[in-house]
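Asks: Got a structure here, written out as structure tokens. Questions coming.
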Amino acid sequence: STTKTYASRAELHSNPTAKRLLGIMERKQSNLCVSVDVTTAEEVLEVVRRVGKSVCMVKTHCDIISDFSKAFVDEITRLSDEMDFIIFEDRKFADIGNTVTLQYASGSHTIASWSHLTNAHPLPGPGIISGLASVGVPLGRALLLLAEMSSKDNLATGHYTREAVRMAREAGPEFVVGFIAMSRVDQEGAKEGEDFLVMTPGVGLHSAGDKMGQQYRTPREVVYDSGCDVIIVGRGIYGIKGGEEKVKEEAERYRKEGWAAYEERLGRK
Ligand code: UP6
């Protein structure tokens, strides 16, 4: 997938969310996902309005929003239609199939009802995919497995990562469309015609990490050197000092860097 265009991949993808995402990436010339990790609904929406034009996707952590509500869901959904981006709830499900089914469909967040894409740890085994798929597939949703993580000394390496990829291959492309990973984890043993999206957090231009183990690389390192498809940027964009205009500018800056690295990967530059 590293030498194919997002447009050609959009045409062939069978999952509706992956297809829409790849189409948006091509149209908006953006492989940027902004992670909006702020804690009130209005702050989230404010950041989304600032960065919406520059992104292919907005990533949420709905359980950190103190006043999460139906009105918030309606507004972010409206913005996703108007500004043309996918909503990715970074839920990181990690329980048995029956429990994740309930967590995905029910509770105070009803994630499946508004989030186009979500993710899960492969730790519990393939039952976590069947459980989430039973809710998500009828709605046209998509799932990523966490095959690797960005934080220092995390345990998702080697055999664990390979098993995550094997689990995704066994599940088939109907629901599992890719990975959270730091590299092209799907290269080894790729099956004819498969197309996984690799989405990568731990991206920042200004710092090497934080005090709690986060590790940052640049958009070029992620997209060109490592062949990943989507860069996920949080504090590097919403946390920039200098006011709201600056947040918007910074999103554009990451969009351009990510896109240039993609074009370089295709050999267009
Ligand atoms: N995230 C990581 N690393 C992972 C998986 N997920 O950082 O391996 C998520 C975090 C956060 C975002 O939960 O929402 O990506 C990164 O934010 P940052 O750019 O502010 O560090």
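As shown in the structure tokens, the chain order sets the letters A, B, ...; within each chain, residues go from 1, and ligands are also counted from 1 in the order they appear.
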Would you name the residues within 9 Å of ligand 1, counting only C-alpha atoms and all ligand atoms, and put them as a ChimeraX atom specification?

Replies: /A:34-37,59-61,90-92,146-151,154,180-182,200-204,209-210,214-216,232-239

Asks: Store the residues of this selection in a file with C-alpha atoms, as an mmCIF file, in the first residue's frame.

Replies:
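Generated output (out_13.cif):
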data_model
loop_
_atom_site.group_PDB
_atom_site.id
_atom_site.type_symbol
_atom_site.label_atom_id
_atom_site.label_comp_id
_atom_site.auth_asym_id
_atom_site.auth_seq_id
_atom_site.Cartn_x
_atom_site.Cartn_y
_atom_site.Cartn_z
ATOM 1 C CA VAL A 34 -6.072 15.879 14.929
ATOM 2 C CA SER A 35 -6.475 14.348 18.358
ATOM 3 C CA VAL A 36 -8.691 16.760 20.285
ATOM 4 C CA ASP A 37 -7.879 15.890 23.879
ATOM 5 C CA LYS A 59 -9.955 11.835 17.007
ATOM 6 C CA THR A 60 -11.858 12.042 20.281
ATOM 7 C CA HIS A 61 -11.652 10.613 23.794
ATOM 8 C CA ASP A 90 -10.062 6.430 20.387
ATOM 9 C CA ARG A 91 -11.820 4.098 22.841
ATOM 10 C CA LYS A 92 -9.142 1.378 22.934
ATOM 11 C CA LEU A 146 -3.577 -1.502 18.241
ATOM 12 C CA ALA A 147 -0.611 -3.455 16.908
ATOM 13 C CA GLU A 148 2.035 -1.108 18.312
ATOM 14 C CA MET A 149 2.070 1.918 20.617
ATOM 15 C CA SER A 150 4.068 5.129 20.730
ATOM 16 C CA SER A 151 4.878 5.153 24.432
ATOM 17 C CA ASN A 154 5.210 -0.537 25.833
ATOM 18 C CA ILE A 180 -2.558 1.832 15.167
ATOM 19 C CA ALA A 181 1.146 1.227 14.620
ATOM 20 C CA MET A 182 4.467 2.989 14.320
ATOM 21 C CA THR A 200 0.272 6.661 13.782
ATOM 22 C CA PRO A 201 0.187 8.746 16.958
ATOM 23 C CA GLY A 202 3.275 10.177 18.599
ATOM 24 C CA VAL A 203 3.781 12.887 15.982
ATOM 25 C CA GLY A 204 5.181 16.310 16.829
ATOM 26 C CA GLY A 209 8.275 13.499 24.106
ATOM 27 C CA ASP A 210 6.590 14.274 27.404
ATOM 28 C CA GLN A 214 5.166 9.703 25.001
ATOM 29 C CA GLN A 215 7.686 9.685 22.125
ATOM 30 C CA TYR A 216 7.389 11.955 19.074
ATOM 31 C CA ILE A 232 -2.213 11.671 14.477
ATOM 32 C CA VAL A 233 -1.284 14.934 16.188
ATOM 33 C CA GLY A 234 -2.657 16.135 19.517
ATOM 34 C CA ARG A 235 -0.808 18.642 21.710
ATOM 35 C CA GLY A 236 1.421 19.649 18.783
ATOM 36 C CA ILE A 237 -1.670 21.329 17.285
ATOM 37 C CA TYR A 238 -4.349 22.065 19.896
ATOM 38 C CA GLY A 239 -1.708 22.853 22.528
#

Asks: Go through segment 69-146 of chain A residue by residue and, counting only C-alpha atoms, keep those with an atom at most 10 Å from segment 42-57 of chain A; for each kept residue give the shortest atom pair and its distance in Å to one decimal, ordered by chain and increasing number, as JSON lines.

Replies:
{"residue": "A:Phe72", "atom": "CA", "partner": "A:Leu45", "partner_atom": "CA", "distance": 8.0}
{"residue": "A:Glu75", "atom": "CA", "partner": "A:Leu45", "partner_atom": "CA", "distance": 7.8}
{"residue": "A:Ile76", "atom": "CA", "partner": "A:Leu45", "partner_atom": "CA", "distance": 6.8}
{"residue": "A:Leu79", "atom": "CA", "partner": "A:Arg49", "partner_atom": "CA", "distance": 7.6}
{"residue": "A:Ser80", "atom": "CA", "partner": "A:Gly52", "partner_atom": "CA", "distance": 8.0}
{"residue": "A:Glu82", "atom": "CA", "partner": "A:Gly52", "partner_atom": "CA", "distance": 9.2}
{"residue": "A:Met83", "atom": "CA", "partner": "A:Gly52", "partner_atom": "CA", "distance": 5.8}
{"residue": "A:Asp84", "atom": "CA", "partner": "A:Cys56", "partner_atom": "CA", "distance": 7.3}
{"residue": "A:Phe85", "atom": "CA", "partner": "A:Met57", "partner_atom": "CA", "distance": 4.8}
{"residue": "A:Ile86", "atom": "CA", "partner": "A:Met57", "partner_atom": "CA", "distance": 4.5}
{"residue": "A:Ile87", "atom": "CA", "partner": "A:Met57", "partner_atom": "CA", "distance": 5.9}
{"residue": "A:Phe88", "atom": "CA", "partner": "A:Met57", "partner_atom": "CA", "distance": 6.9}
{"residue": "A:His116", "atom": "CA", "partner": "A:Met57", "partner_atom": "CA", "distance": 9.9}
{"residue": "A:Leu117", "atom": "CA", "partner": "A:Met57", "partner_atom": "CA", "distance": 9.6}

Asks: Store the residues of this selection in a file with C-alpha atoms, as a PDB file, in the first residue's frame.

Replies:
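The resulting part.pdb:
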ATOM      1  CA  PHE A  72     -22.328  17.643  21.325  1.00  0.00           C
ATOM      2  CA  GLU A  75     -22.783  19.261  16.406  1.00  0.00           C
ATOM      3  CA  ILE A  76     -19.623  17.212  15.783  1.00  0.00           C
ATOM      4  CA  LEU A  79     -19.262  19.496  11.355  1.00  0.00           C
ATOM      5  CA  SER A  80     -18.045  16.141  10.035  1.00  0.00           C
ATOM      6  CA  GLU A  82     -19.958  20.071   6.505  1.00  0.00           C
ATOM      7  CA  MET A  83     -16.158  20.063   6.762  1.00  0.00           C
ATOM      8  CA  ASP A  84     -15.741  16.540   5.386  1.00  0.00           C
ATOM      9  CA  PHE A  85     -13.873  14.495   7.977  1.00  0.00           C
ATOM     10  CA  ILE A  86     -14.211  11.122   9.716  1.00  0.00           C
ATOM     11  CA  ILE A  87     -14.841  10.865  13.465  1.00  0.00           C
ATOM     12  CA  PHE A  88     -12.526   8.436  15.265  1.00  0.00           C
ATOM     13  CA  HIS A 116     -17.295   6.172  12.263  1.00  0.00           C
ATOM     14  CA  LEU A 117     -14.083   4.528  13.390  1.00  0.00           C
TER      15      LEU A 117
END

Asks: Show me, as an mmCIF file with C-alpha atoms, in the first residue's frame, the residues that have an atom within 9 Å of Met25 of chain A when counting only C-alpha atoms, minus same-chain residues fewer than 3 positions from it.

Replies:
data_model
loop_
_atom_site.group_PDB
_atom_site.id
_atom_site.type_symbol
_atom_site.label_atom_id
_atom_site.label_comp_id
_atom_site.auth_asym_id
_atom_site.auth_seq_id
_atom_site.Cartn_x
_atom_site.Cartn_y
_atom_site.Cartn_z
ATOM 1 C CA TYR A 6 -5.043 7.154 -1.574
ATOM 2 C CA ALA A 7 -7.423 7.675 -4.541
ATOM 3 C CA ARG A 20 -14.843 7.494 2.598
ATOM 4 C CA LEU A 21 -11.663 8.256 4.555
ATOM 5 C CA LEU A 22 -9.341 7.512 1.623
ATOM 6 C CA LYS A 28 -8.455 17.500 0.904
ATOM 7 C CA GLN A 29 -4.846 16.489 0.307
ATOM 8 C CA SER A 30 -4.623 15.577 3.947
ATOM 9 C CA ASN A 31 -3.342 12.594 5.885
ATOM 10 C CA LEU A 32 -3.670 14.553 9.118
ATOM 11 C CA VAL A 55 -7.883 17.251 8.444
ATOM 12 C CA CYS A 56 -9.133 13.961 7.081
ATOM 13 C CA MET A 57 -10.152 12.842 10.556
ATOM 14 C CA PHE A 85 -13.873 14.495 7.977
#

Asks: Check segment 25-68 of chain A with DSSP on the backbone and list each residue it calls strand (DSSP E or B), as a list in words.

Replies: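 So, restricting segment 25-68 of chain A to strand (DSSP E or B), we get Leu32, Cys33, Val34, Ser35, Met57, Val58, Lys59 and Thr60 of chain A.
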
Asks: Using only C-alpha atoms, can you tell me which of A:Lys19, A:His13, A:Arg141, A:His206 comes closest to Ile240 of chain A?

Replies: A:His206

Asks: May I ask which of the residues A:Asp74, A:Glu245, A:Glu163, A:Asp229 is the closest one to Ala18 of chain A, counting only C-alpha atoms?

Replies: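 Checking each of A:Asp74, A:Glu245, A:Glu163, A:Asp229 against Ala18 of chain A, counting only C-alpha atoms, the winner is A:Asp229.
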
Asks: Report as a ChimeraX atom specification all protein, DNA and RNA residues lying within 8 Å of Pro173 of chain A, evaluated on only C-alpha atoms, omitting residues in the same chain fewer than 5 positions from it.

Replies: /A:14-15,168,194

Asks: So, counting only C-alpha atoms, which residue among A:Thr118, A:Ser130, A:Thr218, A:Ser1 is closest to Ile96 of chain A?

Replies: A:Ser130

Asks: With only C-alpha atoms as the basis for distance, which of A:Thr99, A:Thr39, A:Ser115, A:Thr110 is at the shortest distance from Val58 of chain A?

Replies: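 The shortest atom-to-atom distance to Val58 of chain A comes from A:Ser115.
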
Asks: Tell me which protein, DNA and RNA residues are within 8 Å of Gly178 of chain A, counting only C-alpha atoms, leaving out same-chain ones fewer than 2 positions away, and put them as a compact mmCIF listing (two decimals) with C-alpha atoms, in the first residue's frame.

Replies:
# COMPACT_ATOMS: atom_id res chain seq x y z
CA LEU A 143 -12.18 -0.84 13.52
CA LEU A 144 -8.43 -0.53 13.99
CA LEU A 145 -6.37 -2.90 16.11
CA ALA A 168 -6.86 -8.66 11.47
CA VAL A 176 -11.10 -4.36 10.56
CA ILE A 180 -2.56 1.83 15.17
CA ASP A 195 -5.40 -2.96 2.09
CA PHE A 196 -4.80 -1.94 5.70
CA LEU A 197 -4.61 1.65 6.89
CA VAL A 198 -1.77 2.33 9.30
CA MET A 199 -2.48 5.29 11.60

Asks: Can you list every residue in segment 25-120 of chain A that DSSP puts in helix (DSSP H, G or I), as a VMD selection string?

Replies: chain A and resid 25 to 28 41 to 54 62 to 64 70 to 83 97 to 105 111 to 113

Asks: Could you tell me how far atom CA of Gln187 of chain A lies from atom CA of Ala10 of chain A, in Å and to one decimal?

Replies: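 Atom-to-atom, atom CA of Gln187 of chain A to atom CA of Ala10 of chain A, that is 19.3 Å.
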
Asks: Taking 2 positions as the minimum chain separation for residues in the same chain, which residues sit within 9 Å of segment 221-223 of chain A when counting only C-alpha atoms? Answer as a PyMOL selection string.

Replies: chain A and resi 182-183+200+203+217-219+225-231+258-259+261-262+265

Asks: Any chance you could export the current selection's C-alpha atoms as a PDB file, in the first residue's frame?

Replies:
ATOM      1  CA  MET A 182       4.467   2.989  14.320  1.00  0.00           C
ATOM      2  CA  SER A 183       5.505   1.214  11.131  1.00  0.00           C
ATOM      3  CA  THR A 200       0.272   6.661  13.782  1.00  0.00           C
ATOM      4  CA  VAL A 203       3.781  12.887  15.982  1.00  0.00           C
ATOM      5  CA  ARG A 217       8.556  11.649  15.488  1.00  0.00           C
ATOM      6  CA  THR A 218       8.083  14.066  12.587  1.00  0.00           C
ATOM      7  CA  PRO A 219       5.422  13.669   9.869  1.00  0.00           C
ATOM      8  CA  ASP A 225      10.519   6.652   6.352  1.00  0.00           C
ATOM      9  CA  SER A 226       7.991   4.306   7.985  1.00  0.00           C
ATOM     10  CA  GLY A 227       5.296   4.211   5.265  1.00  0.00           C
ATOM     11  CA  CYS A 228       2.344   4.936   7.570  1.00  0.00           C
ATOM     12  CA  ASP A 229      -0.884   6.385   6.132  1.00  0.00           C
ATOM     13  CA  VAL A 230      -2.294   8.805   8.703  1.00  0.00           C
ATOM     14  CA  ILE A 231      -0.461  11.044  11.174  1.00  0.00           C
ATOM     15  CA  GLY A 258       2.273  15.057   5.911  1.00  0.00           C
ATOM     16  CA  TRP A 259       1.133  15.499   2.327  1.00  0.00           C
ATOM     17  CA  ALA A 261       5.975  13.195   2.713  1.00  0.00           C
ATOM     18  CA  TYR A 262       3.238  11.144   1.006  1.00  0.00           C
ATOM     19  CA  ARG A 265       6.859   8.357  -0.957  1.00  0.00           C
TER      20      ARG A 265
END

Asks: Which neighbours of Ser66 of chain A fall inside 10 Å, counting only C-alpha atoms, when residues of the same chain fewer than 5 positions from it are skipped, and could you give them as a PyMOL selection string?

Replies: chain A and resi 38-41

Asks: Between A:Ile65, A:Ala112, A:Ile128, A:Ala190, which is the closest to Asp95 of chain A once you count only C-alpha atoms?

Replies: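 Selected residue with least distance to Asp95 of chain A: A:Ile128.
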
Asks: Could you tell me how far atom CA of Ala164 of chain A lies from atom CA of Glu192 of chain A, in Å and to one decimal?

Replies: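 Spanning atom CA of Ala164 of chain A to atom CA of Glu192 of chain A is a straight-line distance of 18.5 Å.
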
Asks: Interatomic distance between atom CA of Glu188 of chain A and atom CA of Ala171 of chain A?

Replies: 17.1 Å

Asks: With distances taken over only C-alpha atoms, which of A:Thr101, A:Glu26, A:Arg184, A:Glu257 is nearest to Val137 of chain A?

Replies: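 Residue with the minimum atom-to-atom distance to Val137 of chain A: A:Thr101.
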